[in-house]
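Shown next: run_25.tsv, given as TSV, C-alpha atoms and all ligand atoms.
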chain	number	residue	atom	x	y	z
A	1	MET	CA	123.30	-110.22	76.77
A	2	ARG	CA	126.95	-111.07	76.05
A	3	HIS	CA	130.07	-110.12	77.96
A	4	LEU	CA	133.71	-110.50	76.93
A	5	LEU	CA	135.66	-111.95	79.85
A	6	SER	CA	138.03	-114.29	78.02
A	7	PRO	CA	138.99	-114.61	74.34
A	8	LEU	CA	137.20	-117.97	74.36
A	9	ASP	CA	133.88	-116.18	74.82
A	10	LEU	CA	134.03	-115.63	71.06
A	11	SER	CA	134.18	-118.53	68.60
A	12	THR	CA	136.83	-118.40	65.87
A	13	GLN	CA	134.01	-117.72	63.41
A	14	GLU	CA	132.86	-114.73	65.49
A	15	LEU	CA	136.46	-113.52	65.66
A	16	GLU	CA	136.71	-113.65	61.88
A	17	GLN	CA	133.46	-111.67	61.59
A	18	LEU	CA	134.76	-109.06	64.06
A	19	MET	CA	137.97	-108.66	62.09
A	20	ASP	CA	135.97	-108.38	58.86
A	21	VAL	CA	133.90	-105.58	60.42
A	22	ALA	CA	137.12	-103.90	61.61
A	23	ASP	CA	138.49	-104.09	58.04
A	24	ASP	CA	135.28	-102.52	56.77
A	25	ILE	CA	135.59	-99.75	59.39
A	26	ILE	CA	139.12	-99.03	58.10
A	27	ALA	CA	137.83	-98.88	54.51
A	28	ASN	CA	134.61	-96.91	55.22
A	29	PRO	CA	134.91	-94.97	58.51
A	30	ALA	CA	132.12	-92.52	57.61
A	31	LYS	CA	129.59	-95.36	57.41
A	32	TYR	CA	130.06	-96.02	61.15
A	33	ALA	CA	130.31	-92.44	62.40
A	34	GLU	CA	126.82	-92.29	63.92
A	35	SER	CA	126.20	-95.97	64.60
A	36	CYS	CA	126.35	-95.61	68.41
A	37	LYS	CA	124.60	-92.25	68.63
A	38	GLY	CA	122.89	-91.97	72.01
A	39	LYS	CA	124.88	-94.88	73.50
A	40	LYS	CA	127.31	-94.53	76.40
A	41	LEU	CA	130.46	-96.48	77.21
A	42	ALA	CA	131.75	-96.47	80.79
A	43	THR	CA	135.44	-97.13	81.40
A	44	LEU	CA	136.05	-98.42	84.94
A	45	PHE	CA	139.80	-98.50	85.39
A	46	TYR	CA	141.14	-99.46	88.82
A	47	GLU	CA	144.65	-99.86	87.35
A	48	PRO	CA	146.77	-97.57	85.14
A	49	SER	CA	146.24	-97.64	81.40
A	50	THR	CA	147.02	-95.53	78.36
A	51	ARG	CA	146.13	-97.57	75.30
A	52	THR	CA	143.32	-99.78	76.50
A	53	ARG	CA	141.25	-97.03	78.11
A	54	LEU	CA	141.92	-94.37	75.49
A	55	SER	CA	141.39	-96.77	72.60
A	56	PHE	CA	138.01	-97.77	74.05
A	57	GLU	CA	137.11	-94.12	74.42
A	58	SER	CA	138.37	-93.29	70.96
A	59	ALA	CA	136.44	-96.28	69.55
A	60	MET	CA	133.15	-95.15	71.12
A	61	LEU	CA	133.67	-91.55	70.02
A	62	ASN	CA	134.42	-92.72	66.45
A	63	LEU	CA	131.06	-94.51	66.53
A	64	GLY	CA	129.25	-91.32	67.55
A	65	GLY	CA	128.64	-92.45	71.15
A	66	SER	CA	129.65	-90.86	74.44
A	67	ILE	CA	131.98	-91.90	77.25
A	68	LEU	CA	132.17	-91.62	81.02
A	69	GLY	CA	134.23	-93.29	83.70
A	70	PHE	CA	137.16	-93.20	86.09
A	71	SER	CA	140.83	-93.91	85.50
A	72	SER	CA	142.05	-94.91	88.95
A	73	ALA	CA	140.66	-96.67	92.00
A	74	ASP	CA	141.48	-93.55	94.07
A	75	SER	CA	139.05	-91.45	92.09
A	76	SER	CA	136.12	-93.87	92.50
A	77	SER	CA	134.18	-95.10	95.53
A	78	ALA	CA	136.49	-98.14	95.61
A	79	ALA	CA	138.62	-95.84	97.79
A	80	LYS	CA	135.70	-95.77	100.28
A	81	GLY	CA	135.44	-99.56	100.24
A	82	GLU	CA	132.69	-100.08	97.66
A	83	SER	CA	132.60	-103.57	96.12
A	84	VAL	CA	132.92	-104.22	92.38
A	85	SER	CA	129.39	-105.70	92.46
A	86	ASP	CA	127.87	-102.52	93.87
A	87	THR	CA	129.86	-100.31	91.50
A	88	ILE	CA	128.67	-102.26	88.45
A	89	ARG	CA	125.03	-102.16	89.57
A	90	THR	CA	125.39	-98.40	89.77
A	91	VAL	CA	127.18	-98.04	86.44
A	92	SER	CA	124.50	-100.20	84.79
A	93	CYS	CA	122.12	-97.29	85.52
A	94	TYR	CA	124.38	-94.80	83.73
A	95	ALA	CA	125.83	-96.55	80.66
A	96	ASP	CA	124.98	-99.08	77.93
A	97	ILE	CA	128.28	-100.99	77.97
A	98	CYS	CA	131.43	-100.94	80.10
A	99	ALA	CA	135.10	-101.85	79.95
A	100	MET	CA	136.68	-102.71	83.29
A	101	ARG	CA	140.30	-103.14	84.38
A	102	HIS	CA	141.07	-104.34	87.90
A	103	PRO	CA	144.16	-105.72	89.68
A	104	LYS	CA	142.31	-108.79	90.97
A	105	GLU	CA	141.94	-111.90	88.84
A	106	GLY	CA	138.27	-112.72	88.22
A	107	SER	CA	136.97	-109.21	88.93
A	108	ALA	CA	135.37	-108.73	85.50
A	109	PHE	CA	133.63	-112.07	85.98
A	110	VAL	CA	132.29	-110.91	89.37
A	111	ALA	CA	131.07	-107.69	87.76
A	112	SER	CA	129.35	-109.58	84.94
A	113	ARG	CA	127.20	-111.49	87.46
A	114	LYS	CA	125.53	-108.32	88.70
A	115	SER	CA	125.65	-106.23	85.57
A	116	THR	CA	122.67	-105.44	83.37
A	117	ILE	CA	124.98	-104.12	80.62
A	118	PRO	CA	127.73	-105.96	78.66
A	119	VAL	CA	131.01	-106.08	80.60
A	120	ILE	CA	134.30	-106.16	78.71
A	121	ASN	CA	137.32	-107.39	80.63
A	122	ALA	CA	140.05	-104.82	79.98
A	123	GLY	CA	142.55	-106.78	82.10
A	124	ASP	CA	142.05	-108.66	85.38
A	125	GLY	CA	145.31	-108.93	87.31
A	126	GLY	CA	147.77	-111.42	85.80
A	127	HIS	CA	144.90	-113.42	84.30
A	128	GLN	CA	143.34	-112.32	80.97
A	129	HIS	CA	143.19	-109.36	78.60
A	130	PRO	CA	140.88	-110.42	75.77
A	131	THR	CA	140.67	-107.12	73.88
A	132	GLN	CA	144.46	-106.96	73.65
A	133	THR	CA	144.19	-110.42	72.11
A	134	LEU	CA	141.62	-109.18	69.58
A	135	THR	CA	144.10	-106.41	68.75
A	136	ASP	CA	146.96	-108.90	68.41
A	137	LEU	CA	144.96	-111.27	66.18
A	138	MET	CA	143.81	-108.39	64.00
A	139	THR	CA	147.41	-107.20	63.67
A	140	ILE	CA	148.73	-110.65	62.79
A	141	ARG	CA	145.92	-111.29	60.29
A	142	SER	CA	146.45	-107.90	58.65
A	143	LEU	CA	150.23	-108.25	58.38
A	144	LYS	CA	150.54	-111.95	57.55
A	145	GLY	CA	147.18	-112.48	55.86
A	146	HIS	CA	146.29	-115.50	58.01
A	147	LEU	CA	146.28	-116.89	61.55
A	148	ASN	CA	147.22	-120.47	60.66
A	149	ASN	CA	150.69	-121.92	59.98
A	150	LEU	CA	152.66	-119.61	62.26
A	151	THR	CA	155.59	-120.04	64.63
A	152	ILE	CA	155.07	-117.51	67.38
A	153	GLY	CA	157.73	-116.52	69.89
A	154	LEU	CA	156.48	-115.05	73.17
A	155	CYS	CA	159.27	-113.35	75.06
A	156	GLY	CA	159.69	-111.80	78.50
A	157	ASP	CA	157.42	-112.07	81.52
A	158	LEU	CA	155.33	-115.08	80.59
A	159	LYS	CA	154.39	-115.69	84.21
A	160	PHE	CA	152.52	-112.48	85.00
A	161	GLY	CA	151.82	-111.20	81.47
A	162	ARG	CA	148.06	-111.46	80.99
A	163	THR	CA	148.30	-110.51	77.31
A	164	VAL	CA	150.41	-113.63	76.72
A	165	HIS	CA	147.93	-115.85	78.56
A	166	SER	CA	144.99	-114.57	76.54
A	167	LEU	CA	146.84	-114.73	73.23
A	168	ILE	CA	147.86	-118.35	73.78
A	169	ASN	CA	144.28	-119.23	74.70
A	170	ALA	CA	143.08	-117.75	71.43
A	171	LEU	CA	145.82	-119.07	69.12
A	172	VAL	CA	145.60	-122.75	70.09
A	173	ARG	CA	142.35	-122.86	68.11
A	174	TYR	CA	144.13	-122.24	64.77
A	175	ASP	CA	145.87	-124.85	62.58
A	176	ASN	CA	149.57	-125.55	62.56
A	177	ILE	CA	150.58	-123.10	65.30
A	178	LYS	CA	153.85	-123.55	67.15
A	179	PHE	CA	154.93	-121.59	70.23
A	180	VAL	CA	158.46	-120.75	71.31
A	181	LEU	CA	158.25	-119.58	74.92
A	182	ILE	CA	161.25	-117.39	75.71
A	183	SER	CA	161.71	-116.42	79.35
A	184	PRO	CA	164.06	-116.68	82.29
A	185	ASN	CA	163.32	-119.65	84.50
A	186	GLU	CA	161.71	-117.40	87.15
A	187	LEU	CA	159.18	-116.00	84.66
A	188	ARG	CA	158.10	-119.15	82.83
A	189	ILE	CA	154.54	-119.63	81.62
A	190	PRO	CA	152.20	-120.79	84.44
A	191	ASP	CA	151.42	-124.52	84.58
A	192	TYR	CA	147.73	-123.97	83.91
A	193	ILE	CA	148.57	-122.44	80.53
A	194	ARG	CA	151.27	-124.97	79.61
A	195	GLU	CA	149.29	-128.04	80.68
A	196	ASP	CA	145.61	-127.12	80.30
A	197	VAL	CA	145.86	-124.92	77.23
A	198	ILE	CA	148.97	-125.70	75.15
A	199	LYS	CA	149.45	-129.41	75.87
A	200	ALA	CA	145.72	-130.12	76.14
A	201	ASN	CA	145.32	-128.83	72.57
A	202	ASN	CA	148.36	-130.75	71.29
A	203	VAL	CA	150.09	-127.58	70.17
A	204	PRO	CA	153.86	-128.04	69.70
A	205	PHE	CA	155.98	-125.73	71.84
A	206	SER	CA	159.46	-125.28	73.24
A	207	GLU	CA	160.69	-123.33	76.26
A	208	VAL	CA	164.02	-121.55	75.88
A	209	SER	CA	165.90	-118.81	77.68
A	210	GLN	CA	167.95	-117.32	74.81
A	211	LEU	CA	166.16	-114.94	72.45
A	212	GLU	CA	168.92	-115.14	69.80
A	213	ASP	CA	168.55	-118.92	69.50
A	214	ALA	CA	164.82	-118.66	68.92
A	215	LEU	CA	164.74	-115.73	66.50
A	216	PRO	CA	165.59	-117.41	63.13
A	217	GLU	CA	162.53	-119.67	63.10
A	218	LEU	CA	159.90	-117.11	64.16
A	219	ASP	CA	157.10	-115.63	62.05
A	220	ILE	CA	155.96	-113.38	64.91
A	221	LEU	CA	157.91	-112.19	67.94
A	222	TYR	CA	155.64	-111.01	70.77
A	223	MET	CA	157.75	-109.03	73.23
A	224	THR	CA	156.47	-108.18	76.72
A	225	ARG	CA	157.47	-106.00	79.65
A	226	VAL	CA	158.48	-107.47	83.01
A	227	GLN	CA	155.34	-106.81	85.09
A	228	ARG	CA	156.82	-104.85	87.96
A	229	GLU	CA	153.50	-104.33	89.78
A	230	ARG	CA	152.94	-108.08	90.15
A	231	PHE	CA	156.28	-108.84	91.81
A	232	PHE	CA	156.40	-109.58	95.52
A	233	ASN	CA	159.70	-107.80	95.98
A	234	GLU	CA	161.46	-105.00	94.16
A	235	GLU	CA	164.91	-106.67	94.24
A	236	GLU	CA	163.58	-109.59	92.26
A	237	TYR	CA	162.12	-107.16	89.72
A	238	ILE	CA	165.42	-105.30	89.39
A	239	ARG	CA	167.23	-108.60	88.81
A	240	MET	CA	164.75	-109.57	86.05
A	241	LYS	CA	163.87	-106.27	84.41
A	242	ASP	CA	166.46	-106.22	81.64
A	243	CYS	CA	166.47	-109.95	80.93
A	244	TYR	CA	165.76	-109.33	77.23
A	245	ILE	CA	166.59	-106.34	75.11
A	246	LEU	CA	165.75	-106.61	71.42
A	247	ASN	CA	168.07	-104.41	69.35
A	248	SER	CA	169.09	-104.02	65.69
A	249	GLU	CA	171.94	-106.47	66.14
A	250	LYS	CA	169.56	-109.21	67.27
A	251	MET	CA	167.04	-108.37	64.52
A	252	LYS	CA	169.68	-109.59	62.03
A	253	PHE	CA	168.91	-113.14	63.17
A	254	ALA	CA	165.21	-112.77	62.31
A	255	LYS	CA	163.45	-113.55	59.02
A	256	GLU	CA	162.79	-110.69	56.60
A	257	ASP	CA	159.05	-111.20	57.05
A	258	MET	CA	158.97	-111.69	60.81
A	259	PHE	CA	156.97	-109.02	62.66
A	260	VAL	CA	157.63	-107.73	66.16
A	261	LEU	CA	154.52	-107.11	68.27
A	262	HIS	CA	154.33	-105.69	71.80
A	263	PRO	CA	151.16	-104.83	73.74
A	264	LEU	CA	153.01	-101.76	75.12
A	265	PRO	CA	154.00	-100.02	77.33
A	266	ARG	CA	157.60	-100.77	76.47
A	267	VAL	CA	160.22	-100.20	79.15
A	268	ASN	CA	163.67	-101.43	78.03
A	269	GLU	CA	162.88	-104.64	76.21
A	270	ILE	CA	162.92	-103.14	72.71
A	271	SER	CA	165.61	-100.55	71.89
A	272	ILE	CA	164.20	-97.52	70.16
A	273	GLU	CA	166.51	-98.17	67.18
A	274	VAL	CA	164.25	-101.13	66.32
A	275	ASP	CA	161.30	-98.74	65.81
A	276	ASP	CA	162.62	-97.82	62.35
A	277	ASP	CA	162.84	-101.45	61.24
A	278	PRO	CA	159.94	-102.20	58.86
A	279	ARG	CA	159.31	-105.37	60.87
A	280	ALA	CA	158.49	-103.36	64.03
A	281	ALA	CA	154.69	-103.51	64.14
A	282	TYR	CA	153.85	-102.38	67.68
A	283	PHE	CA	152.62	-98.90	66.80
A	284	ARG	CA	150.54	-100.26	63.91
A	285	GLN	CA	149.15	-102.70	66.51
A	286	VAL	CA	147.96	-99.71	68.60
A	287	GLN	CA	145.99	-98.42	65.61
A	288	TYR	CA	144.37	-101.79	64.94
A	289	GLY	CA	143.27	-101.81	68.59
A	290	VAL	CA	140.87	-98.94	67.96
A	291	TYR	CA	139.19	-100.58	64.93
A	292	ILE	CA	138.72	-103.96	66.56
A	293	ARG	CA	137.29	-102.33	69.71
A	294	MET	CA	134.84	-100.42	67.49
A	295	ALA	CA	133.77	-103.74	65.97
A	296	LEU	CA	133.47	-105.29	69.44
A	297	ILE	CA	131.31	-102.47	70.84
A	298	LEU	CA	128.95	-102.83	67.85
A	299	LYS	CA	128.73	-106.59	68.36
A	300	LEU	CA	128.03	-106.46	72.10
A	301	LEU	CA	125.45	-103.71	71.62
A	302	GLU	CA	123.92	-105.81	68.81
A	303	ILE	CA	124.16	-102.94	66.32
A	304	THR	CA	124.50	-103.83	62.66
A	305	VAL	CA	125.63	-101.18	60.21
B	1	LIG	C1	149.22	-104.59	78.78
B	1	LIG	C2	148.44	-104.85	80.04
B	1	LIG	O1	147.84	-103.93	80.62
B	1	LIG	O2	148.40	-106.01	80.42
B	1	LIG	N1	149.04	-103.30	78.28
B	1	LIG	C3	148.02	-103.05	77.42
B	1	LIG	O3	146.88	-103.16	77.75
B	1	LIG	N2	148.33	-102.71	76.17
B	1	LIG	C4	150.64	-104.98	78.87
B	1	LIG	C5	151.46	-104.44	79.99
B	1	LIG	O4	151.00	-103.65	80.81
B	1	LIG	O5	152.63	-104.81	80.03
Target encoding structure tokens, full file:
Amino acid sequence: MRHLLSPLDLSTQELEQLMDVADDIIANPAKYAESCKGKKLATLFYEPSTRTRLSFESAMLNLGGSILGFSSADSSSAAKGESVSDTIRTVSCYADICAMRHPKEGSAFVASRKSTIPVINAGDGGHQHPTQTLTDLMTIRSLKGHLNNLTIGLCGDLKFGRTVHSLINALVRYDNIKFVLISPNELRIPDYIREDVIKANNVPFSEVSQLEDALPELDILYMTRVQRERFFNEEEYIRMKDCYILNSEKMKFAKEDMFVLHPLPRVNEISIEVDDDPRAAYFRQVQYGVYIRMALILKLLEITV
């Protein structure tokens, strides 16, 4: 039985196959409509979510399966003090596969140890978010046609942003990738990503604080929200929250074929005027998230269509 705890749990070849299946789902949705008939997906969400939880649910429903779950810790027995291990043993009796989001780093890993069904990490604290990465890779591959030879700017809260950590982990395996890490000094990428992932894989990178300076060379700009819930004090958050605001004026510095991605939710970091720019790809990214999660559910349930 396979789980998905980190993007590295899938080889680049398996990622390609997943994206190929997702492309086939886009082309032939009817072919997949009953492929998970009789199967159940549980969504165990101890932290807020719109896209990740609903896209998993939408994915399973598109495959003809059913869904069950909870969308906050308050509405589960976690509020009574139940451990993640006991919850997953219970859920293993009710469902065939589960997606779990939890504020503590490593929680999906803990769950996977006791689970008898595949566990998908839907975000563990400031650590990893592998299915957002699948979504991001699928979006980049669909828009650019390839995942090699790209200069990728990651902008915003690189310290706490788990989507950034997972995406970097995945992208260092492709050829001729360059990162431009754009953040205020206080929100720089953690050492374990800079040293053990980027440098250890000999991937060229620069760290800058000005978005405008970085923009002209980028093929992809990955914007992120300042992660309010992971700050130790509110004043610090307020000082940081508007550190970057991408607007139409700044988009003039970017290449004609640069795409803007964002895992969403957006707060202030992208002005709504940018939404009408053909290079704004964040809502297309949301749509790709459903198809790639459909492909992932099929893979982990070992269903071939
Ligand atoms: C992200 C997350 O939960 O880490 N959202 C998502 O899943 N699309 C990004 C964020 O919350 O900023």
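For the atom pair formed by CA of Leu41 in chain A and CA of Pro263 in chain A, the distance is 22.6 Å, given to one decimal.
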- Within 9 Å of Tyr291 in chain A, counting all atoms listed in the file, which residues show up once you throw out same-chain ones fewer than 3 positions away? Write them as JSON, numbers by chain, please. {"A": [19, 21, 22, 23, 25, 26, 55, 59, 135, 287, 288, 294, 295, 296]}
May I have a table of the residues of chain A lying at most 9 Å from ligand LIG 1 (chain B), giving each one's closest pair of atoms and their distance in Å to one decimal, counting all atoms listed in the file, ordered by chain and ascending residue number, as a tab-separated table?
residue	atom	partner	partner_atom	distance
A:Glu47	CA	B:LIG1	O1	8.5
A:Pro48	CA	B:LIG1	O1	7.9
A:Ser49	CA	B:LIG1	O1	6.5
A:Thr50	CA	B:LIG1	N2	7.6
A:Arg51	CA	B:LIG1	N2	5.7
A:Thr52	CA	B:LIG1	O3	5.1
A:Arg53	CA	B:LIG1	O3	8.3
A:Arg101	CA	B:LIG1	O1	8.5
A:Ala122	CA	B:LIG1	O3	7.4
A:Gly123	CA	B:LIG1	O2	6.1
A:Asp124	CA	B:LIG1	O2	8.5
A:Gly125	CA	B:LIG1	O2	8.1
A:Gly126	CA	B:LIG1	O2	7.7
A:Gln128	CA	B:LIG1	O2	8.1
A:His129	CA	B:LIG1	O2	6.5
A:Thr131	CA	B:LIG1	O3	8.3
A:Gln132	CA	B:LIG1	O3	6.1
A:Asp157	CA	B:LIG1	O5	8.8
A:Phe160	CA	B:LIG1	O2	8.9
A:Gly161	CA	B:LIG1	O2	6.3
A:Arg162	CA	B:LIG1	O2	5.5
A:Thr163	CA	B:LIG1	O2	5.5
A:Val164	CA	B:LIG1	O2	8.7
A:Thr224	CA	B:LIG1	O5	6.1
A:Arg225	CA	B:LIG1	O5	5.0
A:Val226	CA	B:LIG1	O5	7.1
A:Gln227	CA	B:LIG1	O5	6.1
A:Arg228	CA	B:LIG1	O5	9.0
A:His262	CA	B:LIG1	N2	8.0
A:Pro263	CA	B:LIG1	N2	4.3
A:Leu264	CA	B:LIG1	N2	4.9
A:Pro265	CA	B:LIG1	O5	5.7
A:Arg266	CA	B:LIG1	O5	7.3
A:Val267	CA	B:LIG1	O5	8.9
A:Val286	CA	B:LIG1	N2	8.2
Just want the 8 Å neighbourhood of Ala111 in chain A, counted on all atoms listed in the file, with same-chain residues fewer than 3 positions away dropped. Output as a PDB file with C-alpha atoms, keeping the file's coordinate frame.
ATOM      1  CA  VAL A  84     132.920-104.220  92.380  1.00  0.00           C
ATOM      2  CA  SER A  85     129.390-105.700  92.460  1.00  0.00           C
ATOM      3  CA  ILE A  88     128.670-102.260  88.450  1.00  0.00           C
ATOM      4  CA  SER A 107     136.970-109.210  88.930  1.00  0.00           C
ATOM      5  CA  ALA A 108     135.370-108.730  85.500  1.00  0.00           C
ATOM      6  CA  LYS A 114     125.530-108.320  88.700  1.00  0.00           C
ATOM      7  CA  SER A 115     125.650-106.230  85.570  1.00  0.00           C
ATOM      8  CA  VAL A 119     131.010-106.080  80.600  1.00  0.00           C
TER       9      VAL A 119
END
Using all atoms listed in the file, which protein or nucleic acid residues come within 10 Å of Val305 in chain A? Drop anything in the same chain fewer than 4 positions from it, and give the result as a tab-separated table (two decimals) with C-alpha atoms, keeping the file's coordinate frame.
chain	number	residue	atom	x	y	z
A	21	VAL	CA	133.90	-105.58	60.42
A	31	LYS	CA	129.59	-95.36	57.41
A	32	TYR	CA	130.06	-96.02	61.15
A	34	GLU	CA	126.82	-92.29	63.92
A	35	SER	CA	126.20	-95.97	64.60
A	36	CYS	CA	126.35	-95.61	68.41
A	298	LEU	CA	128.95	-102.83	67.85
- Message: Show me the residues around (146.1, -129.7, 73.6) - criterion: an atom at most 12 Å away, all atoms listed in the file counted - as a PyMOL selection string.
- Response: chain A and resi 168-169+171-174+177-178+192-205
Restricting the output to C-alpha atoms, write the selected residues as a PDB file, keeping the file's coordinate frame.
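Dumped to out.pdb:
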ATOM      1  CA  ILE A 168     147.860-118.350  73.780  1.00  0.00           C
ATOM      2  CA  ASN A 169     144.280-119.230  74.700  1.00  0.00           C
ATOM      3  CA  LEU A 171     145.820-119.070  69.120  1.00  0.00           C
ATOM      4  CA  VAL A 172     145.600-122.750  70.090  1.00  0.00           C
ATOM      5  CA  ARG A 173     142.350-122.860  68.110  1.00  0.00           C
ATOM      6  CA  TYR A 174     144.130-122.240  64.770  1.00  0.00           C
ATOM      7  CA  ILE A 177     150.580-123.100  65.300  1.00  0.00           C
ATOM      8  CA  LYS A 178     153.850-123.550  67.150  1.00  0.00           C
ATOM      9  CA  TYR A 192     147.730-123.970  83.910  1.00  0.00           C
ATOM     10  CA  ILE A 193     148.570-122.440  80.530  1.00  0.00           C
ATOM     11  CA  ARG A 194     151.270-124.970  79.610  1.00  0.00           C
ATOM     12  CA  GLU A 195     149.290-128.040  80.680  1.00  0.00           C
ATOM     13  CA  ASP A 196     145.610-127.120  80.300  1.00  0.00           C
ATOM     14  CA  VAL A 197     145.860-124.920  77.230  1.00  0.00           C
ATOM     15  CA  ILE A 198     148.970-125.700  75.150  1.00  0.00           C
ATOM     16  CA  LYS A 199     149.450-129.410  75.870  1.00  0.00           C
ATOM     17  CA  ALA A 200     145.720-130.120  76.140  1.00  0.00           C
ATOM     18  CA  ASN A 201     145.320-128.830  72.570  1.00  0.00           C
ATOM     19  CA  ASN A 202     148.360-130.750  71.290  1.00  0.00           C
ATOM     20  CA  VAL A 203     150.090-127.580  70.170  1.00  0.00           C
ATOM     21  CA  PRO A 204     153.860-128.040  69.700  1.00  0.00           C
ATOM     22  CA  PHE A 205     155.980-125.730  71.840  1.00  0.00           C
TER      23      PHE A 205
END
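Distances here use all atoms listed in the file; by that measure, the residue among A:Asp86, A:Leu300, A:Leu10, A:Gly64 closest to Ile117 in chain A is A:Leu300.
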- Task: Would you list the contacts of Met240 in chain A as a ChimeraX atom specification, taking every protein, DNA or RNA residue within 10 Å and counting all atoms listed in the file, but skipping same-chain residues closer than 3 positions in sequence?
- Result: /A:156-157,184,186-187,226-228,234-237,243-244
